[in-house]
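One file, protein09.cif, carrying mmCIF, C-alpha atoms:
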data_coords
#
loop_
_atom_site.label_atom_id
_atom_site.label_comp_id
_atom_site.auth_asym_id
_atom_site.auth_seq_id
_atom_site.Cartn_x
_atom_site.Cartn_y
_atom_site.Cartn_z
CA MET L 1 34.85 17.88 -50.64
CA SER L 2 32.28 17.11 -48.10
CA THR L 3 32.83 18.37 -44.67
CA LEU L 4 33.33 15.87 -42.00
CA LYS L 5 30.81 16.04 -39.31
CA THR L 6 31.16 14.42 -36.03
CA GLN L 7 28.27 12.14 -35.70
CA GLU L 8 26.23 13.01 -32.76
CA LYS L 9 25.88 10.12 -30.46
CA ALA L 10 22.44 8.66 -30.54
CA PRO L 11 20.78 9.06 -27.20
CA GLU L 12 21.04 5.87 -25.27
CA ALA L 13 17.83 3.96 -25.32
CA HIS L 14 16.11 4.42 -22.02
CA ARG L 15 15.86 0.98 -20.59
CA VAL L 16 13.24 0.41 -18.00
CA GLU L 17 13.68 -2.62 -15.87
CA PHE L 18 10.86 -4.40 -14.16
CA VAL L 19 10.58 -7.18 -11.69
CA THR L 20 7.94 -9.83 -12.26
CA PRO L 21 5.98 -10.00 -9.02
CA ARG L 22 4.56 -13.21 -7.65
CA ALA L 23 0.87 -13.73 -8.19
CA ASN L 24 -1.95 -15.95 -7.03
CA LEU L 25 -5.05 -16.38 -9.12
CA HIS L 26 -8.19 -17.80 -7.66
CA GLN L 27 -11.56 -18.39 -9.25
CA ASN L 28 -15.00 -18.75 -7.79
CA HIS L 29 -18.46 -18.42 -9.24
CA GLU L 30 -18.39 -14.61 -8.99
CA GLY L 31 -15.18 -14.21 -10.91
CA TYR L 32 -11.46 -14.11 -10.34
CA THR L 33 -9.29 -12.72 -7.58
CA LEU L 34 -5.70 -11.84 -8.35
CA GLU L 35 -3.20 -11.26 -5.57
CA ILE L 36 0.11 -9.73 -6.55
CA GLU L 37 2.98 -9.05 -4.18
CA MET L 38 4.36 -5.56 -4.56
CA PRO L 39 6.21 -4.70 -1.36
CA GLY L 40 7.17 -1.05 -1.10
CA VAL L 41 4.34 0.14 -3.34
CA ALA L 42 1.83 2.60 -1.94
CA LYS L 43 -1.63 3.23 -3.35
CA SER L 44 -0.36 6.13 -5.44
CA GLY L 45 2.24 3.94 -7.13
CA VAL L 46 -0.20 1.45 -8.63
CA GLU L 47 -1.27 1.54 -12.28
CA VAL L 48 -3.96 -0.83 -13.45
CA THR L 49 -4.82 -0.64 -17.15
CA VAL L 50 -7.07 -2.69 -19.37
CA ASP L 51 -6.32 -2.50 -23.06
CA ASP L 52 -7.01 -4.85 -25.94
CA GLY L 53 -8.05 -7.69 -23.69
CA LYS L 54 -4.93 -7.39 -21.56
CA LEU L 55 -4.76 -6.43 -17.92
CA THR L 56 -1.51 -4.66 -17.08
CA LEU L 57 -0.50 -4.16 -13.48
CA VAL L 58 2.40 -1.86 -12.71
CA GLY L 59 3.65 -0.88 -9.28
CA HIS L 60 6.24 1.76 -8.61
CA PRO L 61 7.82 1.50 -5.17
CA ALA L 62 8.02 4.73 -3.23
CA LYS L 63 11.54 6.09 -3.31
CA GLU L 64 13.12 5.55 0.04
CA GLU L 65 15.15 8.47 1.21
CA GLN L 66 18.31 6.85 2.38
CA SER L 67 21.29 9.00 3.03
CA ALA L 68 22.94 6.00 4.57
CA ARG L 69 25.34 3.70 2.80
CA ARG L 70 23.89 0.40 1.65
CA VAL L 71 26.19 -2.23 3.07
CA TYR L 72 24.17 -5.26 2.00
CA ALA L 73 21.69 -5.38 -0.86
CA GLU L 74 19.21 -7.94 -2.11
CA ARG L 75 16.30 -5.74 -3.12
CA SER L 76 16.35 -4.37 -6.65
CA GLY L 77 14.17 -1.31 -6.13
CA PHE L 78 12.77 -1.76 -9.64
CA SER L 79 9.12 -1.30 -10.47
CA TYR L 80 6.88 -4.33 -10.73
CA ARG L 81 5.02 -5.24 -13.90
CA ARG L 82 2.81 -8.09 -14.88
CA VAL L 83 0.41 -8.57 -17.78
CA PHE L 84 -2.51 -10.98 -17.89
CA ASP L 85 -4.79 -11.93 -20.75
CA LEU L 86 -8.36 -11.24 -19.80
CA ASP L 87 -10.90 -13.93 -20.26
CA PRO L 88 -13.72 -12.66 -22.52
CA SER L 89 -16.22 -13.50 -19.80
CA ILE L 90 -14.77 -10.78 -17.54
CA ASP L 91 -16.63 -7.51 -17.32
CA ALA L 92 -13.85 -4.95 -17.89
CA ALA L 93 -15.99 -2.18 -16.42
CA LYS L 94 -16.23 -3.95 -13.08
CA ILE L 95 -12.55 -4.48 -12.35
CA SER L 96 -11.59 -3.18 -8.93
CA ALA L 97 -8.21 -3.08 -7.23
CA SER L 98 -6.91 -2.36 -3.76
CA ILE L 99 -3.52 -2.49 -2.11
CA ASP L 100 -2.81 -3.32 1.50
CA GLN L 101 0.69 -3.78 2.93
CA GLY L 102 2.17 -4.25 -0.53
CA LEU L 103 -0.36 -6.85 -1.56
CA LEU L 104 -2.34 -5.78 -4.61
CA THR L 105 -5.72 -7.47 -4.85
CA VAL L 106 -7.61 -7.24 -8.13
CA LYS L 107 -11.20 -8.41 -8.32
CA LEU L 108 -12.37 -9.44 -11.75
CA GLN L 109 -16.07 -10.05 -12.05
CA LYS L 110 -17.66 -12.18 -14.67
CA ALA L 111 -20.16 -10.48 -16.92
CA ASP L 112 -23.70 -11.29 -15.92
CA ALA L 113 -24.21 -13.26 -19.12
CA ALA L 114 -21.29 -15.52 -18.20
CA LYS L 115 -22.42 -16.24 -14.65
CA PRO L 116 -24.01 -19.58 -13.97
CA ARG L 117 -27.75 -19.29 -13.93
CA LYS L 118 -30.44 -21.51 -12.69
CA ILE L 119 -33.34 -21.83 -15.01
CA THR L 120 -36.53 -23.00 -13.48
CA VAL L 121 -38.70 -25.12 -15.62
CA GLY L 122 -42.16 -23.64 -15.80
CA MET W 1 -1.21 -36.35 -7.70
CA ASN W 2 1.96 -34.42 -8.09
CA ILE W 3 5.06 -36.48 -8.26
CA ILE W 4 7.53 -33.67 -8.72
CA ARG W 5 7.61 -30.88 -6.20
CA TYR W 6 6.38 -27.63 -7.68
CA THR W 7 9.01 -24.94 -7.36
CA LYS W 8 7.90 -21.39 -7.35
CA PRO W 9 9.42 -19.19 -10.02
CA GLU W 10 11.83 -16.61 -8.72
CA PRO W 11 10.85 -13.04 -9.44
CA THR W 12 13.81 -11.99 -11.49
CA VAL W 13 14.59 -9.19 -13.84
CA TRP W 14 14.77 -10.41 -17.41
CA SER W 15 18.29 -10.97 -18.53
CA PRO W 16 19.94 -12.55 -21.54
CA PHE W 17 21.16 -15.24 -19.19
CA ASP W 18 17.64 -16.40 -18.50
CA ARG W 19 18.33 -19.73 -20.11
CA LEU W 20 21.35 -20.19 -17.93
CA SER W 21 19.51 -19.32 -14.76
CA SER W 22 16.67 -21.69 -15.57
CA LEU W 23 19.23 -24.45 -15.93
CA ARG W 24 20.57 -23.47 -12.54
CA GLU W 25 17.06 -23.57 -11.11
CA LEU W 26 16.57 -27.00 -12.58
CA LEU W 27 19.72 -28.25 -10.93
CA ASP W 28 18.76 -26.56 -7.69
CA SER W 29 15.32 -28.12 -7.71
CA ALA W 30 16.79 -31.55 -8.39
CA TYR W 31 19.13 -31.04 -5.47
CA GLN W 32 16.29 -29.82 -3.28
CA LEU W 33 14.20 -32.84 -4.19
CA ALA W 34 17.00 -35.14 -3.14
CA SER W 35 17.95 -33.31 0.05
CA SER W 36 14.63 -32.33 1.58
CA SER W 37 12.91 -34.89 3.67
CA PRO W 38 9.18 -35.29 3.26
CA GLY W 39 7.03 -33.52 5.79
CA THR W 40 9.23 -30.45 6.18
CA THR W 41 7.65 -27.30 4.86
CA SER W 42 9.97 -25.27 2.71
CA GLY W 43 10.02 -21.74 4.00
CA TRP W 44 10.39 -18.58 2.04
CA VAL W 45 13.14 -16.02 1.99
CA PRO W 46 12.07 -12.38 2.08
CA LEU W 47 14.66 -10.03 0.59
CA LEU W 48 16.44 -7.51 2.76
CA ASP W 49 18.84 -4.59 2.60
CA VAL W 50 21.16 -3.26 5.30
CA PHE W 51 22.04 0.43 5.53
CA GLU W 52 24.69 2.00 7.71
CA ASP W 53 24.73 5.59 8.82
CA VAL W 54 26.94 7.56 11.18
CA ASP W 55 24.65 6.91 14.12
CA LYS W 56 22.40 4.03 13.10
CA VAL W 57 21.98 0.78 11.22
CA THR W 58 18.78 0.22 9.23
CA VAL W 59 17.54 -3.16 8.07
CA VAL W 60 14.79 -3.13 5.42
CA LEU W 61 12.89 -6.35 4.69
CA GLU W 62 10.23 -6.96 2.03
CA ALA W 63 7.25 -9.05 3.03
CA ALA W 64 3.96 -8.14 1.41
CA GLY W 65 0.58 -8.91 2.89
CA MET W 66 1.48 -9.42 6.54
CA LYS W 67 0.42 -7.79 9.78
CA SER W 68 2.83 -5.94 12.02
CA GLY W 69 2.14 -8.43 14.78
CA ASP W 70 3.36 -11.29 12.60
CA PHE W 71 7.00 -10.27 12.97
CA ASP W 72 9.43 -11.31 15.65
CA LEU W 73 12.74 -9.54 16.16
CA SER W 74 15.68 -10.65 18.24
CA LEU W 75 19.21 -9.41 18.76
CA HIS W 76 21.92 -11.80 19.70
CA ASP W 77 25.68 -11.51 19.54
CA GLY W 78 25.67 -8.60 17.10
CA ALA W 79 23.21 -10.29 14.77
CA LEU W 80 19.59 -9.35 14.12
CA THR W 81 17.10 -12.11 13.45
CA ILE W 82 13.78 -11.26 11.84
CA SER W 83 11.31 -14.08 11.81
CA GLY W 84 7.64 -14.25 11.12
CA GLU W 85 4.83 -16.16 9.65
CA ARG W 86 2.60 -15.34 6.74
CA LYS W 87 -0.68 -17.09 7.08
CA ALA W 88 -2.53 -18.23 4.02
CA GLU W 89 -6.03 -16.81 3.93
CA VAL W 90 -8.45 -19.63 4.23
CA GLU W 91 -11.54 -17.56 3.56
CA ASN W 92 -12.98 -17.57 0.06
CA ARG W 93 -11.26 -20.84 -0.65
CA GLU W 94 -14.21 -22.21 -2.51
CA GLY W 95 -13.62 -22.43 -6.21
CA GLU W 96 -10.27 -23.27 -7.69
CA SER W 97 -6.79 -21.86 -7.76
CA PHE W 98 -5.15 -21.33 -11.12
CA ARG W 99 -1.88 -19.94 -10.02
CA SER W 100 -0.14 -19.99 -6.70
CA GLU W 101 3.28 -18.49 -6.72
CA ARG W 102 3.11 -16.80 -3.35
CA SER W 103 4.82 -18.42 -0.41
CA PHE W 104 3.21 -18.80 2.96
CA GLY W 105 4.42 -20.03 6.27
CA ALA W 106 7.31 -19.23 8.52
CA PHE W 107 10.53 -17.50 7.59
CA SER W 108 13.64 -16.47 9.44
CA ARG W 109 16.45 -14.21 8.34
CA THR W 110 19.57 -13.34 10.29
CA VAL W 111 22.00 -10.57 9.46
CA THR W 112 25.24 -9.69 11.17
CA LEU W 113 25.13 -6.01 11.98
CA PRO W 114 28.03 -3.86 10.77
CA ALA W 115 28.34 -2.09 14.15
CA PRO W 116 27.35 -2.62 17.80
CA VAL W 117 23.89 -1.24 18.53
CA LYS W 118 21.80 -0.22 21.51
CA GLY W 119 19.52 -3.18 21.91
CA ASP W 120 16.92 -1.36 23.98
CA GLU W 121 16.36 1.44 21.46
CA VAL W 122 15.51 -0.65 18.42
CA LYS W 123 12.44 0.51 16.52
CA ALA W 124 10.51 -1.25 13.77
CA THR W 125 7.77 -0.06 11.44
CA TYR W 126 5.75 -1.96 8.85
CA THR W 127 4.32 0.04 5.96
CA ASP W 128 3.39 -0.92 2.39
CA GLY W 129 4.66 -4.44 2.94
CA VAL W 130 8.14 -3.31 3.99
CA LEU W 131 9.51 -3.81 7.49
CA THR W 132 12.05 -1.17 8.50
CA VAL W 133 14.13 -1.84 11.60
CA THR W 134 16.13 1.08 12.95
CA LEU W 135 18.97 0.21 15.31
CA PRO W 136 20.82 3.16 16.90
CA LYS W 137 24.55 2.55 17.17
CA ALA W 138 26.17 2.06 20.52
CA GLU W 139 28.15 5.07 21.74
CA GLU W 140 31.48 3.34 21.25
CA ALA W 141 30.65 2.69 17.59
CA LYS W 142 29.95 6.31 16.76
CA PRO W 143 32.75 8.43 15.39
CA LYS W 144 34.15 10.81 17.99
CA LYS W 145 35.57 14.21 17.54
CA ILE W 146 38.75 14.73 19.47
CA SER W 147 39.79 18.29 19.96
CA VAL W 148 43.52 18.69 20.13
CA GLN W 149 44.95 21.70 21.86
CA LEU W 150 47.79 23.21 19.99
CA ASN W 151 50.17 25.54 21.69
#

Taking this structure as input, can you express it in the form of structure tokens?
Amino acid sequence: MSTLKTQEKAPEAHRVEFVTPRANLHQNHEGYTLEIEMPGVAKSGVEVTVDDGKLTLVGHPAKEEQSARRVYAERSGFSYRRVFDLDPSIDAAKISASIDQGLLTVKLQKADAAKPRKITVG
Amino acid sequence: MNIIRYTKPEPTVWSPFDRLSSLRELLDSAYQLASSSPGTTSGWVPLLDVFEDVDKVTVVLEAAGMKSGDFDLSLHDGALTISGERKAEVENREGESFRSERSFGAFSRTVTLPAPVKGDEVKATYTDGVLTVTLPKAEEAKPKKISVQLN
């Protein structure tokens, strides 16, 4: 007779929740500028990754030390995450990002080959 | 020309009720279309939290990409009003916009405070796009220790 074993409970899947931040995308002849709202996120909490033609922007808000009781709540406190498909004309090596007052600005430059060029007729 | 007003998507956490909430948004936008008169700019609503401590009340408001001078605070009748204006940057506006989900313009939020506060000792700081307003409680709202003499 087989012994009965109490099945160990499978560890609960760790569910990470994200908020989709609002974004503005603007294009000019140099390239693209992305503005993403991540209030509560400091410079150290930003992760910008480029992988497989996708630009992933993650922002972790700094944990606020609040010993006080929250009597009214609207903010989720979750991290922000947003993924964009990169246009092939963008030079992945030249992507730069900065954050100021919770506004993440990502500059995406077009590769030189994709920039408009003026060709003079000789 | 746009005939239907473009409504900005709400930043929400994904939930299985997404379908339901988008239906709600649709109804809301239809209502908004019918109720708003042309010419009025629809404002935006920054999210806020209220914390209460033994000796203070803290109001935390999220508004990314502003300057500390853009905020206006007022206390009236036990309610705190935070208003401000986020200006759209007009520089580098050549080229074209592909996506504009961010709201600009004026906002105003009013919260009733859970306790009376000292109006002249209110402090506010703006860091990382979060405005934190600290309001010390008035003496009469603080808990008091009463020592009882027992014979």

Which residues of chain L sit at most 8 Å from chain W, using all atoms listed in the file? Give each one's shortest atom pair and distance in Å (one decimal place), in chain and ascending residue order, as CSV.
residue,atom,partner,partner_atom,distance
L:Glu17,CA,W:Val13,CA,6.9
L:Phe18,CA,W:Val13,CA,6.1
L:Val19,CA,W:Val13,CA,5.0
L:Thr20,CA,W:Pro11,CA,5.2
L:Pro21,CA,W:Pro11,CA,5.8
L:Arg22,CA,W:Glu101,CA,5.5
L:Ala23,CA,W:Glu101,CA,5.5
L:Asn24,CA,W:Ser100,CA,4.4
L:Leu25,CA,W:Arg99,CA,4.9
L:His26,CA,W:Ser97,CA,4.3
L:Gln27,CA,W:Glu96,CA,5.3
L:Asn28,CA,W:Gly95,CA,4.2
L:His29,CA,W:Gly95,CA,7.0
L:Glu37,CA,W:Ala64,CA,5.7
L:Met38,CA,W:Ala64,CA,6.5
L:Pro39,CA,W:Gly129,CA,4.6
L:Gly40,CA,W:Asp128,CA,5.1
L:Val41,CA,W:Asp128,CA,5.9
L:Ala42,CA,W:Asp128,CA,5.8
L:Ser67,CA,W:Asp53,CA,7.5
L:Ala68,CA,W:Asp53,CA,4.6
L:Arg69,CA,W:Glu52,CA,5.2
L:Arg70,CA,W:Phe51,CA,4.3
L:Val71,CA,W:Phe51,CA,5.5
L:Tyr72,CA,W:Val50,CA,4.9
L:Ala73,CA,W:Asp49,CA,4.6
L:Glu74,CA,W:Leu48,CA,5.6
L:Arg75,CA,W:Leu47,CA,5.9
L:Asp100,CA,W:Gly65,CA,6.7
L:Gln101,CA,W:Asp128,CA,4.0
L:Gly102,CA,W:Gly129,CA,4.3
L:Leu103,CA,W:Gly65,CA,5.0

Applied to the shown file, which residues does the PyMOL selection byres ((chain L and resi 31) around 8) return, written as a count of residues only?
11

Evaluate the PyMOL selection byres ((chain L and resi 49) around 12) here and jot the selected residues down as a short mmCIF file (atom, residue, chain, number, x, y, z; two decimals) with C-alpha atoms, in the coordinates of the input.
data_model
loop_
_atom_site.label_atom_id
_atom_site.label_comp_id
_atom_site.auth_asym_id
_atom_site.auth_seq_id
_atom_site.Cartn_x
_atom_site.Cartn_y
_atom_site.Cartn_z
CA VAL L 46 -0.20 1.45 -8.63
CA GLU L 47 -1.27 1.54 -12.28
CA VAL L 48 -3.96 -0.83 -13.45
CA VAL L 50 -7.07 -2.69 -19.37
CA ASP L 51 -6.32 -2.50 -23.06
CA ASP L 52 -7.01 -4.85 -25.94
CA GLY L 53 -8.05 -7.69 -23.69
CA LYS L 54 -4.93 -7.39 -21.56
CA LEU L 55 -4.76 -6.43 -17.92
CA THR L 56 -1.51 -4.66 -17.08
CA LEU L 57 -0.50 -4.16 -13.48
CA VAL L 58 2.40 -1.86 -12.71
CA GLY L 59 3.65 -0.88 -9.28
CA ARG L 81 5.02 -5.24 -13.90
CA ARG L 82 2.81 -8.09 -14.88
CA VAL L 83 0.41 -8.57 -17.78
CA PHE L 84 -2.51 -10.98 -17.89
CA ASP L 85 -4.79 -11.93 -20.75
CA LEU L 86 -8.36 -11.24 -19.80
CA ALA L 92 -13.85 -4.95 -17.89
CA ALA L 93 -15.99 -2.18 -16.42
CA ILE L 95 -12.55 -4.48 -12.35
CA SER L 96 -11.59 -3.18 -8.93
CA ALA L 97 -8.21 -3.08 -7.23
CA VAL L 106 -7.61 -7.24 -8.13
#

What is the distance between atom CA of Phe71 of chain W and atom CA of Val122 of chain W, in Å to one decimal?
14.0 Å

Find the distance between atom CA of Leu80 of chain W and atom CA of Gly119 of chain W and write it in Å to one decimal.
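The value is 9.9 Å.
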
Please define a box with edges along x, y and z of the file around all atoms of segment 71-80 of chain L given in the file, extend it by 6 Å on each side, and return its centre and edge lengths in Å to one decimal, as lines of an AutoDock Vina configuration file.
center_x = 16.5
center_y = -4.6
center_z = -3.8
size_x = 31.3
size_y = 18.6
size_z = 25.8

Take the PyMOL selection byres ((chain L and resi 63) around 10), run it mentally on this structure, and tell me the resulting residues as a VMD selection string.
chain L and resid 40 to 41 60 to 62 64 to 66 77

Please complete segment 13-39 of chain L so it has N, CA and C atoms, and hand it over as a CSV table (one decimal), in the frame of the given file.
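Okay, result_9.csv is ready:
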chain,number,residue,atom,x,y,z
L,13,ALA,N,19.2,4.4,-25.5
L,13,ALA,CA,17.8,4.0,-25.3
L,13,ALA,C,17.6,3.8,-23.8
L,14,HIS,N,16.4,4.4,-23.4
L,14,HIS,CA,16.1,4.4,-22.0
L,14,HIS,C,15.6,3.0,-21.7
L,15,ARG,N,16.3,2.3,-20.9
L,15,ARG,CA,15.9,1.0,-20.6
L,15,ARG,C,15.2,0.9,-19.2
L,16,VAL,N,14.0,0.5,-19.3
L,16,VAL,CA,13.2,0.4,-18.0
L,16,VAL,C,13.2,-1.0,-17.6
L,17,GLU,N,13.6,-1.3,-16.4
L,17,GLU,CA,13.7,-2.6,-15.9
L,17,GLU,C,12.5,-2.9,-14.9
L,18,PHE,N,12.0,-4.0,-15.0
L,18,PHE,CA,10.9,-4.4,-14.2
L,18,PHE,C,11.2,-5.7,-13.5
L,19,VAL,N,10.5,-5.9,-12.4
L,19,VAL,CA,10.6,-7.2,-11.7
L,19,VAL,C,9.2,-7.8,-11.9
L,20,THR,N,9.2,-9.1,-12.2
L,20,THR,CA,7.9,-9.8,-12.3
L,20,THR,C,7.5,-10.2,-10.9
L,21,PRO,N,6.4,-9.7,-10.4
L,21,PRO,CA,6.0,-10.0,-9.0
L,21,PRO,C,5.3,-11.3,-9.0
L,22,ARG,N,5.3,-11.9,-7.8
L,22,ARG,CA,4.6,-13.2,-7.6
L,22,ARG,C,3.1,-13.0,-7.6
L,23,ALA,N,2.3,-13.9,-8.1
L,23,ALA,CA,0.9,-13.7,-8.2
L,23,ALA,C,0.1,-15.0,-7.8
L,24,ASN,N,-1.0,-14.8,-7.2
L,24,ASN,CA,-2.0,-16.0,-7.0
L,24,ASN,C,-3.2,-15.6,-7.8
L,25,LEU,N,-3.8,-16.6,-8.4
L,25,LEU,CA,-5.0,-16.4,-9.1
L,25,LEU,C,-6.0,-17.4,-8.7
L,26,HIS,N,-7.2,-16.9,-8.2
L,26,HIS,CA,-8.2,-17.8,-7.7
L,26,HIS,C,-9.5,-17.5,-8.4
L,27,GLN,N,-10.3,-18.6,-8.6
L,27,GLN,CA,-11.6,-18.4,-9.2
L,27,GLN,C,-12.7,-18.9,-8.4
L,28,ASN,N,-13.8,-18.2,-8.4
L,28,ASN,CA,-15.0,-18.8,-7.8
L,28,ASN,C,-16.1,-18.4,-8.7
L,29,HIS,N,-17.4,-18.6,-8.3
L,29,HIS,CA,-18.5,-18.4,-9.2
L,29,HIS,C,-18.7,-17.0,-9.6
L,30,GLU,N,-18.2,-16.0,-8.7
L,30,GLU,CA,-18.4,-14.6,-9.0
L,30,GLU,C,-17.4,-14.1,-10.0
L,31,GLY,N,-16.2,-14.7,-10.0
L,31,GLY,CA,-15.2,-14.2,-10.9
L,31,GLY,C,-13.8,-14.6,-10.4
L,32,TYR,N,-12.8,-13.8,-10.7
L,32,TYR,CA,-11.5,-14.1,-10.3
L,32,TYR,C,-10.9,-13.1,-9.3
L,33,THR,N,-10.0,-13.6,-8.5
L,33,THR,CA,-9.3,-12.7,-7.6
L,33,THR,C,-7.8,-12.9,-7.8
L,34,LEU,N,-7.1,-11.8,-8.1
L,34,LEU,CA,-5.7,-11.8,-8.4
L,34,LEU,C,-5.0,-11.2,-7.2
L,35,GLU,N,-4.0,-11.8,-6.7
L,35,GLU,CA,-3.2,-11.3,-5.6
L,35,GLU,C,-1.8,-11.1,-6.1
L,36,ILE,N,-1.2,-9.9,-6.0
L,36,ILE,CA,0.1,-9.7,-6.6
L,36,ILE,C,0.9,-9.1,-5.5
L,37,GLU,N,2.1,-9.6,-5.2
L,37,GLU,CA,3.0,-9.0,-4.2
L,37,GLU,C,3.8,-7.9,-4.7
L,38,MET,N,3.6,-6.7,-4.2
L,38,MET,CA,4.4,-5.6,-4.6
L,38,MET,C,4.8,-4.8,-3.3
L,39,PRO,N,5.8,-5.4,-2.6
L,39,PRO,CA,6.2,-4.7,-1.4
L,39,PRO,C,6.9,-3.4,-1.7
